[in-house]
Amino acid sequence: MATDIFLNDTLLTYMAMAKATNHKLVLATQSGIIIGNPNYNEDEEQHPELVTFFELFDKNRKSVKGDFLQSITLVDVTFVVGGKKTVLPSLTVFVDKIIGISIAESFD
């Protein structure tokens, strides 16, 4: 439980830092590095697929909303695996798969 609280607080802090400094959020996972902007539901025109996703998710949700983040949706994502970059319009990352968090001004 303490790990969940610490991870949640750390992730929320880095998300706030990324937004305040106009940096990208960088998530390390076992699969690779994920770089993107946290989705704050402010990008509806640029990411209409997310509007549909969240409407359907809320409608079909069976799980109970808890006190902690279970996932984070990023937009304008670069996913780096073994040096190969894949660009995605959005990606939902499950929090329990994150092993490291940082922010970066840019990623090339």
# chains A, B, ... in the order shown; residues from 1 in each chain; ligands from 1

$ residues_around --residues "segment 27-42 of chain A" --least-positions-apart "4" --cutoff "7 Å" --atoms "only C-alpha atoms" --output "PyMOL selection string"
chain A and resi 15+73-81+97-102

$ residues_around --residues "Phe68 of chain A" --least-positions-apart "6" --cutoff "10 Å" --atoms "only C-alpha atoms" --output "list in words"
Asp4, Ile5, Leu7, Asn8, Asp9, Leu12 and Val95 of chain A

$ write_last_selection --atoms "N, CA, C and O atoms" --output "PDB file, in the first residue's frame"
ATOM      1  N   ASP A   4       2.104   2.023  -3.405  1.00  0.00           N
ATOM      2  CA  ASP A   4       1.084   2.630  -4.253  1.00  0.00           C
ATOM      3  C   ASP A   4       0.962   4.125  -3.992  1.00  0.00           C
ATOM      4  O   ASP A   4       0.863   4.913  -4.923  1.00  0.00           O
ATOM      5  N   ILE A   5       0.991   4.514  -2.735  1.00  0.00           N
ATOM      6  CA  ILE A   5       0.870   5.923  -2.374  1.00  0.00           C
ATOM      7  C   ILE A   5       2.082   6.692  -2.892  1.00  0.00           C
ATOM      8  O   ILE A   5       1.954   7.759  -3.490  1.00  0.00           O
ATOM      9  N   LEU A   7       4.246   5.868  -5.339  1.00  0.00           N
ATOM     10  CA  LEU A   7       4.237   5.906  -6.804  1.00  0.00           C
ATOM     11  C   LEU A   7       3.220   6.924  -7.303  1.00  0.00           C
ATOM     12  O   LEU A   7       3.509   7.724  -8.191  1.00  0.00           O
ATOM     13  N   ASN A   8       2.032   6.910  -6.730  1.00  0.00           N
ATOM     14  CA  ASN A   8       0.983   7.851  -7.123  1.00  0.00           C
ATOM     15  C   ASN A   8       1.445   9.297  -6.903  1.00  0.00           C
ATOM     16  O   ASN A   8       1.330  10.134  -7.797  1.00  0.00           O
ATOM     17  N   ASP A   9       1.980   9.588  -5.719  1.00  0.00           N
ATOM     18  CA  ASP A   9       2.429  10.945  -5.414  1.00  0.00           C
ATOM     19  C   ASP A   9       3.587  11.371  -6.316  1.00  0.00           C
ATOM     20  O   ASP A   9       3.638  12.509  -6.778  1.00  0.00           O
ATOM     21  N   LEU A  12       2.168  12.023  -9.895  1.00  0.00           N
ATOM     22  CA  LEU A  12       1.416  13.284  -9.920  1.00  0.00           C
ATOM     23  C   LEU A  12       2.349  14.492  -9.848  1.00  0.00           C
ATOM     24  O   LEU A  12       2.121  15.508 -10.511  1.00  0.00           O
ATOM     25  N   VAL A  95       0.009   2.197 -14.565  1.00  0.00           N
ATOM     26  CA  VAL A  95       0.950   2.706 -13.583  1.00  0.00           C
ATOM     27  C   VAL A  95       1.839   1.602 -13.010  1.00  0.00           C
ATOM     28  O   VAL A  95       3.024   1.825 -12.763  1.00  0.00           O
TER      29      VAL A  95
END

$ closest_residue --among "A:Ile72, A:Leu11, A:Ala18, A:His23" --to "Thr92 of chain A" --atoms "only C-alpha atoms"
A:Ile72
